[in-house]
$ cat data.csv   # CSV, C-alpha atoms and all ligand atoms
chain,number,residue,atom,x,y,z
F,832,ASN,CA,-172.3,57.9,-53.3
F,833,GLU,CA,-172.0,55.4,-50.4
F,834,ASP,CA,-168.2,55.6,-50.5
F,835,THR,CA,-168.1,59.2,-49.5
F,836,TYR,CA,-168.4,60.4,-45.9
F,837,PRO,CA,-169.6,64.0,-45.5
F,838,TYR,CA,-169.0,65.7,-42.1
F,839,GLU,CA,-172.7,65.2,-41.1
F,840,VAL,CA,-172.4,61.4,-41.6
F,841,ILE,CA,-169.2,61.2,-39.6
F,842,GLU,CA,-170.9,63.3,-36.9
F,843,GLU,CA,-173.9,61.0,-36.8
F,844,ILE,CA,-171.6,58.0,-36.3
F,845,ALA,CA,-169.6,59.8,-33.6
F,846,ASP,CA,-172.7,60.7,-31.8
F,847,PHE,CA,-173.9,57.1,-32.0
F,848,ILE,CA,-170.6,55.9,-30.4
F,849,THR,CA,-170.5,58.7,-27.8
F,850,LYS,CA,-174.1,58.2,-26.7
F,851,GLY,CA,-173.7,54.4,-26.8
F,852,SER,CA,-170.5,54.5,-24.7
F,853,GLY,CA,-171.1,57.5,-22.5
F,854,MET,CA,-167.3,58.2,-22.9
F,855,ARG,CA,-165.1,60.7,-24.5
F,856,PRO,CA,-161.9,58.8,-25.7
F,857,ARG,CA,-158.7,60.7,-25.9
F,858,ILE,CA,-156.6,58.0,-27.5
F,859,GLY,CA,-157.5,56.1,-30.7
F,860,ILE,CA,-155.9,52.7,-31.5
F,861,ILE,CA,-155.9,50.9,-34.8
F,862,CYS,CA,-155.0,47.2,-34.4
F,863,GLY,CA,-152.9,45.7,-37.1
F,864,SER,CA,-153.2,42.1,-38.4
F,865,GLY,CA,-153.1,39.7,-35.5
F,866,LEU,CA,-152.8,42.7,-33.0
F,867,GLY,CA,-156.4,42.7,-32.0
F,868,SER,CA,-155.2,41.9,-28.5
F,869,LEU,CA,-154.4,45.6,-28.1
F,870,ALA,CA,-158.1,46.1,-27.8
F,871,ASP,CA,-158.6,43.1,-25.5
F,872,MET,CA,-156.6,45.0,-22.9
F,873,ILE,CA,-159.4,47.7,-22.6
F,874,GLN,CA,-161.3,47.6,-19.3
F,875,ASP,CA,-165.1,48.0,-19.0
F,876,PRO,CA,-165.3,47.9,-22.8
F,877,LYS,CA,-168.3,49.1,-24.7
F,878,ILE,CA,-168.3,47.1,-28.0
F,879,PHE,CA,-169.8,48.2,-31.3
F,880,GLU,CA,-169.7,45.6,-34.1
F,881,TYR,CA,-169.0,47.4,-37.4
F,882,GLU,CA,-172.2,45.9,-38.9
F,883,LYS,CA,-174.2,47.6,-36.1
F,884,ILE,CA,-172.8,51.1,-36.6
F,885,PRO,CA,-174.9,53.1,-39.0
F,886,ASN,CA,-173.1,53.9,-42.3
F,887,PHE,CA,-169.9,52.2,-41.1
F,888,PRO,CA,-168.0,49.9,-43.5
F,889,VAL,CA,-167.4,46.2,-42.7
F,890,SER,CA,-164.1,44.5,-42.6
F,891,THR,CA,-163.5,41.4,-44.7
F,892,VAL,CA,-160.0,40.3,-43.8
F,893,GLU,CA,-159.2,37.2,-41.7
F,894,GLY,CA,-157.5,38.4,-38.5
F,895,HIS,CA,-159.4,41.6,-38.5
F,896,ALA,CA,-162.4,41.2,-36.1
F,897,GLY,CA,-164.6,44.1,-37.2
F,898,ARG,CA,-165.6,46.1,-34.1
F,899,LEU,CA,-164.9,49.3,-32.2
F,900,VAL,CA,-164.0,48.9,-28.5
F,901,VAL,CA,-164.4,52.0,-26.2
F,902,GLY,CA,-163.2,51.8,-22.6
F,903,THR,CA,-160.3,52.6,-20.3
F,904,LEU,CA,-156.6,51.6,-20.5
F,905,GLU,CA,-154.1,52.7,-17.9
F,906,GLY,CA,-156.5,55.3,-16.7
F,907,ALA,CA,-157.0,56.9,-20.1
F,908,THR,CA,-160.3,56.6,-22.1
F,909,VAL,CA,-159.5,54.9,-25.4
F,910,MET,CA,-161.2,53.8,-28.6
F,911,ALA,CA,-159.8,50.9,-30.5
F,912,MET,CA,-160.6,49.5,-34.0
F,913,GLN,CA,-160.3,45.8,-33.9
F,914,GLY,CA,-160.1,45.3,-37.7
F,915,ARG,CA,-159.3,48.0,-40.2
F,916,PHE,CA,-160.3,48.6,-43.8
F,917,HIS,CA,-157.8,48.1,-46.6
F,918,PHE,CA,-157.5,49.5,-50.1
F,919,TYR,CA,-157.1,45.9,-51.4
F,920,GLU,CA,-160.6,45.1,-50.1
F,921,GLY,CA,-161.8,47.5,-52.8
F,922,TYR,CA,-162.5,50.4,-50.5
F,923,PRO,CA,-161.4,53.9,-51.6
F,924,LEU,CA,-158.8,55.4,-49.2
F,925,ALA,CA,-161.3,57.9,-47.8
F,926,LYS,CA,-163.4,54.9,-46.8
F,927,CYS,CA,-160.5,53.1,-45.3
F,928,SER,CA,-159.6,56.0,-43.1
F,929,MET,CA,-163.0,57.4,-42.2
F,930,PRO,CA,-162.8,55.8,-38.8
F,931,VAL,CA,-160.0,58.3,-37.9
F,932,ARG,CA,-162.5,61.1,-38.5
F,933,VAL,CA,-165.1,59.4,-36.4
F,934,MET,CA,-162.4,59.1,-33.6
F,935,LYS,CA,-161.7,62.9,-34.0
F,936,LEU,CA,-165.3,63.8,-33.5
F,937,CYS,CA,-165.5,61.5,-30.5
F,938,GLY,CA,-162.8,63.6,-28.9
F,939,VAL,CA,-159.6,61.6,-29.8
F,940,GLU,CA,-156.4,63.7,-29.8
F,941,TYR,CA,-153.8,60.9,-30.2
F,942,LEU,CA,-153.8,58.2,-32.9
F,943,PHE,CA,-151.9,55.0,-32.2
F,944,ALA,CA,-151.7,53.1,-35.6
F,945,THR,CA,-150.2,49.6,-35.6
F,946,ASN,CA,-149.6,47.2,-38.5
F,947,ALA,CA,-147.8,44.0,-39.5
F,948,ALA,CA,-145.2,44.7,-42.2
F,949,GLY,CA,-142.4,43.2,-44.2
F,950,GLY,CA,-138.9,44.1,-43.2
F,951,ILE,CA,-136.8,45.6,-46.0
F,952,ASN,CA,-134.0,46.9,-43.9
F,953,PRO,CA,-131.7,43.9,-43.5
F,954,ARG,CA,-131.0,44.8,-39.9
F,955,PHE,CA,-134.6,44.0,-39.0
F,956,ALA,CA,-135.4,40.6,-37.6
F,957,VAL,CA,-138.8,38.9,-37.7
F,958,GLY,CA,-140.6,39.9,-34.5
F,959,ASP,CA,-138.9,43.3,-34.3
F,960,ILE,CA,-140.9,46.5,-33.8
F,961,MET,CA,-140.2,49.5,-36.1
F,962,LEU,CA,-141.4,52.8,-34.7
F,963,MET,CA,-142.5,54.9,-37.8
F,964,HIS,CA,-140.8,58.2,-38.0
F,965,ASP,CA,-141.9,58.9,-41.6
F,966,HIS,CA,-143.6,57.2,-44.6
F,967,VAL,CA,-143.5,57.0,-48.3
F,968,ASN,CA,-147.0,57.2,-49.7
F,969,MET,CA,-146.7,55.0,-52.8
F,970,LEU,CA,-150.4,55.2,-53.4
F,971,GLY,CA,-150.1,58.9,-53.4
F,972,PHE,CA,-147.4,58.7,-56.1
F,973,ALA,CA,-150.2,57.4,-58.3
F,974,GLY,CA,-152.6,60.1,-57.2
F,975,ASN,CA,-154.5,58.2,-54.5
F,976,SER,CA,-155.0,60.2,-51.3
F,977,PRO,CA,-157.7,59.9,-48.6
F,978,LEU,CA,-158.1,63.7,-48.9
F,979,GLN,CA,-158.9,63.6,-52.7
F,980,GLY,CA,-162.1,65.4,-53.6
F,981,PRO,CA,-163.8,68.4,-51.9
F,982,ASN,CA,-162.2,69.5,-48.6
F,983,ASP,CA,-164.3,70.1,-45.6
F,984,PRO,CA,-162.5,72.8,-43.5
F,985,ARG,CA,-164.2,71.5,-40.4
F,986,PHE,CA,-161.8,68.6,-40.6
F,987,GLY,CA,-158.7,70.5,-41.8
F,988,PRO,CA,-157.0,72.5,-44.5
F,989,ARG,CA,-157.1,71.9,-48.2
F,990,PHE,CA,-153.3,71.4,-48.5
F,991,PRO,CA,-152.0,70.0,-45.2
F,992,ALA,CA,-148.3,69.9,-44.5
F,993,LEU,CA,-147.0,66.4,-43.6
F,994,VAL,CA,-143.5,67.0,-42.4
F,995,ASN,CA,-143.1,65.8,-38.8
F,996,SER,CA,-146.3,63.8,-39.0
F,997,TYR,CA,-144.9,61.3,-36.5
F,998,ASN,CA,-144.7,62.8,-33.0
F,999,LYS,CA,-141.0,62.9,-32.0
F,1000,ASP,CA,-141.8,63.0,-28.2
F,1001,LEU,CA,-143.9,59.8,-28.4
F,1002,ILE,CA,-141.1,58.1,-30.5
F,1003,ASN,CA,-138.5,59.0,-27.8
F,1004,LYS,CA,-140.8,57.9,-25.0
F,1005,ALA,CA,-141.4,54.6,-26.8
F,1006,ILE,CA,-137.6,54.1,-27.2
F,1007,GLU,CA,-137.2,54.6,-23.4
F,1008,ILE,CA,-140.0,52.2,-22.7
F,1009,GLY,CA,-138.3,49.6,-25.0
F,1010,LYS,CA,-135.1,50.0,-23.0
F,1011,ALA,CA,-137.1,49.6,-19.7
F,1012,MET,CA,-138.7,46.4,-21.2
F,1013,GLY,CA,-135.3,45.1,-22.2
F,1014,ILE,CA,-136.2,44.9,-25.8
F,1015,GLU,CA,-134.1,47.8,-27.2
F,1016,SER,CA,-132.3,45.5,-29.6
F,1017,ASN,CA,-135.7,44.6,-31.2
F,1018,ILE,CA,-136.9,48.2,-31.5
F,1019,HIS,CA,-136.0,50.3,-34.5
F,1020,VAL,CA,-137.0,53.6,-36.0
F,1021,GLY,CA,-137.7,53.8,-39.7
F,1022,VAL,CA,-139.7,54.6,-42.8
F,1023,TYR,CA,-142.8,52.7,-43.7
F,1024,SER,CA,-144.4,52.5,-47.1
F,1025,CYS,CA,-147.9,51.4,-48.1
F,1026,LEU,CA,-148.6,49.5,-51.3
F,1027,GLY,CA,-152.1,48.7,-52.5
F,1028,GLY,CA,-151.9,44.9,-52.2
F,1029,PRO,CA,-153.5,42.3,-52.0
F,1030,ASN,CA,-150.4,40.8,-53.7
F,1031,TYR,CA,-147.1,41.0,-51.9
F,1032,GLU,CA,-144.3,42.8,-53.7
F,1033,THR,CA,-141.9,41.6,-56.5
F,1034,ILE,CA,-138.2,41.7,-55.9
F,1035,ALA,CA,-137.9,44.6,-58.3
F,1036,GLU,CA,-140.4,46.6,-56.2
F,1037,LEU,CA,-138.6,45.7,-53.0
F,1038,LYS,CA,-135.3,46.8,-54.5
F,1039,ALA,CA,-137.0,50.1,-55.6
F,1040,LEU,CA,-138.5,50.7,-52.1
F,1041,ARG,CA,-135.1,50.0,-50.5
F,1042,MET,CA,-133.4,52.5,-52.9
F,1043,MET,CA,-136.0,55.0,-51.7
F,1044,GLY,CA,-134.9,54.5,-48.1
F,1045,VAL,CA,-138.0,52.5,-47.1
F,1046,ASP,CA,-137.4,50.1,-44.1
F,1047,ALA,CA,-140.8,48.3,-43.9
F,1048,VAL,CA,-143.6,47.7,-46.3
F,1049,GLY,CA,-147.3,47.0,-45.8
F,1050,MET,CA,-150.8,47.6,-47.1
F,1051,SER,CA,-152.3,50.1,-44.6
F,1052,THR,CA,-151.6,52.9,-42.1
F,1053,VAL,CA,-150.3,55.7,-44.4
F,1054,HIS,CA,-153.8,57.0,-45.4
F,1055,GLU,CA,-154.9,56.8,-41.8
F,1056,VAL,CA,-152.0,58.9,-40.7
F,1057,ILE,CA,-152.6,61.4,-43.4
F,1058,THR,CA,-156.2,61.7,-42.3
F,1059,ALA,CA,-155.2,62.0,-38.6
F,1060,ARG,CA,-152.7,64.8,-39.4
F,1061,HIS,CA,-155.2,66.6,-41.5
F,1062,CYS,CA,-157.4,66.9,-38.4
F,1063,ASP,CA,-154.4,67.7,-36.2
F,1064,MET,CA,-154.1,64.6,-34.2
F,1065,LYS,CA,-150.8,63.6,-32.6
F,1066,VAL,CA,-149.6,60.3,-34.3
F,1067,PHE,CA,-147.7,57.4,-33.0
F,1068,ALA,CA,-147.3,54.4,-35.3
F,1069,PHE,CA,-145.3,51.2,-35.4
F,1070,SER,CA,-144.9,48.1,-37.6
F,1071,LEU,CA,-144.5,44.6,-36.2
F,1072,ILE,CA,-142.0,43.0,-38.6
F,1073,THR,CA,-143.6,39.7,-39.5
F,1074,ASN,CA,-141.2,38.6,-42.3
F,1075,LYS,CA,-138.0,39.6,-43.9
F,1076,CYS,CA,-138.4,40.7,-47.5
F,1077,ALA,CA,-136.0,39.4,-50.1
F,1078,THR,CA,-134.2,42.1,-52.0
F,1079,GLU,CA,-132.1,39.9,-54.2
F,1080,TYR,CA,-133.2,37.3,-56.8
F,1081,SER,CA,-132.9,33.9,-55.3
F,1082,ASP,CA,-135.0,30.7,-55.5
F,1083,LYS,CA,-135.2,30.5,-51.7
F,1084,LYS,CA,-138.9,29.9,-51.0
F,1085,ASP,CA,-138.6,30.8,-47.3
F,1086,GLU,CA,-138.5,34.5,-48.0
F,1087,GLU,CA,-142.0,34.5,-49.6
F,1088,ALA,CA,-144.5,36.4,-47.5
F,1089,ASN,CA,-147.7,34.6,-46.5
F,1090,HIS,CA,-150.6,35.7,-44.3
F,1091,GLU,CA,-150.5,32.7,-42.0
F,1092,GLU,CA,-146.9,33.5,-41.1
F,1093,VAL,CA,-147.9,37.2,-40.6
F,1094,MET,CA,-150.6,36.1,-38.1
F,1095,ALA,CA,-148.3,33.6,-36.3
F,1096,VAL,CA,-145.6,36.2,-35.7
F,1097,ALA,CA,-148.1,38.7,-34.5
F,1098,LYS,CA,-149.6,36.2,-32.1
F,1099,ASN,CA,-146.3,35.5,-30.4
F,1100,ARG,CA,-145.2,39.2,-30.3
F,1101,GLN,CA,-148.6,40.6,-29.2
F,1102,LYS,CA,-147.5,40.6,-25.5
F,1103,ALA,CA,-144.5,43.0,-26.2
F,1104,CYS,CA,-146.7,45.2,-28.5
F,1105,CYS,CA,-149.4,45.4,-25.8
F,1106,GLU,CA,-146.8,46.2,-23.1
F,1107,LEU,CA,-145.3,49.0,-25.2
F,1108,VAL,CA,-148.7,50.5,-26.0
F,1109,SER,CA,-150.1,50.4,-22.5
F,1110,ARG,CA,-146.9,51.9,-21.0
F,1111,LEU,CA,-147.0,54.7,-23.5
F,1112,ILE,CA,-150.7,55.4,-22.8
F,1113,ARG,CA,-149.9,55.4,-19.1
F,1114,GLU,CA,-147.2,58.1,-19.7
F,1115,ILE,CA,-149.5,60.2,-21.7
F,1116,HIS,CA,-152.3,59.9,-19.2
F,1117,MET,CA,-150.0,60.7,-16.2
F,1118,ALA,CA,-148.6,63.7,-18.0
F,1119,SER,CA,-152.0,65.3,-18.3
F,1120,PRO,CA,-154.8,63.3,-16.7
F,1201,LIG,N1,-143.6,41.6,-47.7
F,1201,LIG,C1,-144.6,41.9,-47.0
F,1201,LIG,N2,-144.7,41.3,-45.7
F,1201,LIG,C2,-145.8,41.7,-45.0
F,1201,LIG,N3,-146.2,41.3,-43.7
F,1201,LIG,C3,-147.3,42.0,-43.4
F,1201,LIG,N4,-147.7,42.8,-44.4
F,1201,LIG,C4,-148.8,43.7,-44.3
F,1201,LIG,C5,-149.9,43.2,-45.2
F,1201,LIG,N5,-150.8,42.3,-44.4
F,1201,LIG,C6,-151.9,41.8,-45.2
F,1201,LIG,C7,-151.5,40.4,-45.7
F,1201,LIG,O1,-150.7,39.7,-44.8
F,1201,LIG,C8,-153.2,41.8,-44.4
F,1201,LIG,O2,-153.6,43.1,-44.3
F,1201,LIG,C9,-146.8,42.6,-45.4
F,1201,LIG,C10,-146.6,43.2,-46.7
F,1201,LIG,O3,-147.5,44.0,-47.2
F,1201,LIG,N6,-145.5,42.8,-47.4

$ encode --input "data.csv" --output "structure tokens"
Amino acid sequence: NEDTYPYEVIEEIADFITKGSGMRPRIGIICGSGLGSLADMIQDPKIFEYEKIPNFPVSTVEGHAGRLVVGTLEGATVMAMQGRFHFYEGYPLAKCSMPVRVMKLCGVEYLFATNAAGGINPRFAVGDIMLMHDHVNMLGFAGNSPLQGPNDPRFGPRFPALVNSYNKDLINKAIEIGKAMGIESNIHVGVYSCLGGPNYETIAELKALRMMGVDAVGMSTVHEVITARHCDMKVFAFSLITNKCATEYSDKKDEEANHEEVMAVAKNRQKACCELVSRLIREIHMASP
């Protein structure tokens, strides 16, 4: 059915992008809510609106543009998704993460996944950046995986291992960059968990997530990372903390998450996020041009 993406369809889309851009991107970027400016940094961009890419899904969320941008950033050839697909839009996880496979067949070796997330760890402040070093795949606990169904070995193994999914070297480089930027007190390393959404969490759910050692919660990224690791990409991912999640019952309204606040925080922290990403891309490119 139209929600599955066999290898040949992915290959066709990748060929469409490669021919249309004339470039072989090495780094893929997925822009989180309000972080579309990461793609605006790309020089000499070739832009592909999702609607114009054959067999590509379309994004329906405010704050997620809906286009692929291919070009150069700090000397490296990159491919960014301005707008991603979410489970809560009614898309199966394989559909949400199929762009990662398109990136792979376009030549991408590194996936930079970014998202806006709620901070559960009480040490996190709004506007902080949490570098992901692991995740809890809540959707997987209920049997949802982007890899469900027949496995095509041309992408990866039937039963992929996911330990060390988040590249330690890139995390350490990002921490050093944070120090050089003078924002080390706003940079954390932690565990992210993805819920289905579109509703935000209840207090009981936030308490449960905290008990599991989850530091930040969102509605994306995990399935994209699983898909990236399945096809052996190196993964770097971070959450911009756009609100502090309540983990105690109280009638304080200000702890309720809302999308406008998510977008507002992302807007005023996009500069730091862009700086972090471009410096890390420069390091990767300089290390092996
Ligand atoms: N408590 C909480 N705070 C958050 N801030 C951003 N997101 C990520 C979800 N973003 C959605 C709606 O804002 C758009 O994809 C979340 C979340 O899922 N939970």

$ residues_near_ligand --input "data.csv" --ligand "ligand LIG 1201 (chain F)" --cutoff "8 Å" --atoms "all atoms listed in the file" --output "ChimeraX atom specification"
/F:863-864,892,917,946-950,1025-1026,1028-1032,1048-1051,1072-1076,1087-1091,1093-1094

$ atom_distance --input "data.csv" --atom1 "CA of Leu1111 in chain F" --atom2 "CA of Pro991 in chain F"
27.0 Å

$ closest_residue --input "data.csv" --among "F:Leu904, F:Ala1077, F:Ala1011, F:Val1045" --to "Arg857 in chain F" --atoms "all atoms listed in the file"
F:Leu904

$ residues_around --input "data.csv" --residues "Lys1102 in chain F" --least-positions-apart "5" --cutoff "9 Å" --atoms "all atoms listed in the file" --output "MDAnalysis selection string"
chainID F and resid 868:869 1107

$ residues_around --input "data.csv" --residues "range 963-974 of chain F" --least-positions-apart "4" --cutoff "7 Å" --atoms "only C-alpha atoms" --output "PDB file with C-alpha atoms, in the frame of the given file"
ATOM      1  CA  TYR F 997    -144.900  61.300 -36.500  1.00  0.00           C
ATOM      2  CA  VAL F1020    -137.000  53.600 -36.000  1.00  0.00           C
ATOM      3  CA  GLY F1021    -137.700  53.800 -39.700  1.00  0.00           C
ATOM      4  CA  VAL F1022    -139.700  54.600 -42.800  1.00  0.00           C
ATOM      5  CA  TYR F1023    -142.800  52.700 -43.700  1.00  0.00           C
ATOM      6  CA  SER F1024    -144.400  52.500 -47.100  1.00  0.00           C
ATOM      7  CA  CYS F1025    -147.900  51.400 -48.100  1.00  0.00           C
ATOM      8  CA  LEU F1026    -148.600  49.500 -51.300  1.00  0.00           C
ATOM      9  CA  GLY F1027    -152.100  48.700 -52.500  1.00  0.00           C
ATOM     10  CA  VAL F1053    -150.300  55.700 -44.400  1.00  0.00           C
ATOM     11  CA  ALA F1068    -147.300  54.400 -35.300  1.00  0.00           C
ATOM     12  CA  PHE F1069    -145.300  51.200 -35.400  1.00  0.00           C
TER      13      PHE F1069
END

$ residues_around --input "data.csv" --residues "range 920-931 of chain F" --least-positions-apart "2" --cutoff "7 Å" --atoms "all atoms listed in the file" --output "PDB file with C-alpha atoms, keeping the file's coordinate frame"
ATOM      1  CA  ASP F 834    -168.200  55.600 -50.500  1.00  0.00           C
ATOM      2  CA  THR F 835    -168.100  59.200 -49.500  1.00  0.00           C
ATOM      3  CA  PHE F 916    -160.300  48.600 -43.800  1.00  0.00           C
ATOM      4  CA  HIS F 917    -157.800  48.100 -46.600  1.00  0.00           C
ATOM      5  CA  PHE F 918    -157.500  49.500 -50.100  1.00  0.00           C
ATOM      6  CA  VAL F 933    -165.100  59.400 -36.400  1.00  0.00           C
ATOM      7  CA  MET F 934    -162.400  59.100 -33.600  1.00  0.00           C
ATOM      8  CA  LYS F 935    -161.700  62.900 -34.000  1.00  0.00           C
ATOM      9  CA  SER F 976    -155.000  60.200 -51.300  1.00  0.00           C
ATOM     10  CA  PRO F 977    -157.700  59.900 -48.600  1.00  0.00           C
ATOM     11  CA  LEU F 978    -158.100  63.700 -48.900  1.00  0.00           C
ATOM     12  CA  HIS F1054    -153.800  57.000 -45.400  1.00  0.00           C
ATOM     13  CA  GLU F1055    -154.900  56.800 -41.800  1.00  0.00           C
ATOM     14  CA  THR F1058    -156.200  61.700 -42.300  1.00  0.00           C
ATOM     15  CA  ALA F1059    -155.200  62.000 -38.600  1.00  0.00           C
TER      16      ALA F1059
END

$ atom_distance --input "data.csv" --atom1 "CA of Phe943 in chain F" --atom2 "CA of Gln1101 in chain F"
15.1 Å

$ atom_distance --input "data.csv" --atom1 "CA of Thr903 in chain F" --atom2 "CA of Asp875 in chain F"
6.8 Å

$ closest_residue --input "data.csv" --among "F:Phe1067, F:Phe990, F:Tyr941, F:Phe955" --to "Ile858 in chain F" --atoms "only C-alpha atoms"
F:Tyr941

$ closest_residue --input "data.csv" --among "F:Met961, F:Ile860, F:Ile844, F:Leu866" --to "Tyr881 in chain F" --atoms "all atoms listed in the file"
F:Ile844

$ closest_residue --input "data.csv" --among "F:Ile861, F:Met1064, F:Leu942, F:Ile1014" --to "Gln913 in chain F" --atoms "all atoms listed in the file"
F:Ile861

$ residues_around --input "data.csv" --residues "Ile878 in chain F" --least-positions-apart "5" --cutoff "7 Å" --atoms "all atoms listed in the file" --output "list in words"
Arg898, Leu899, Val900 and Val901 of chain F

$ write_last_selection --input "data.csv" --atoms "C-alpha atoms" --output "compact mmCIF listing (two decimals), keeping the file's coordinate frame"
# COMPACT_ATOMS: atom_id res chain seq x y z
CA ARG F 898 -165.60 46.10 -34.10
CA LEU F 899 -164.90 49.30 -32.20
CA VAL F 900 -164.00 48.90 -28.50
CA VAL F 901 -164.40 52.00 -26.20

$ closest_residue --input "data.csv" --among "F:Glu940, F:Glu905, F:Glu1114, F:Glu843" --to "Ile1008 in chain F" --atoms "only C-alpha atoms"
F:Glu1114
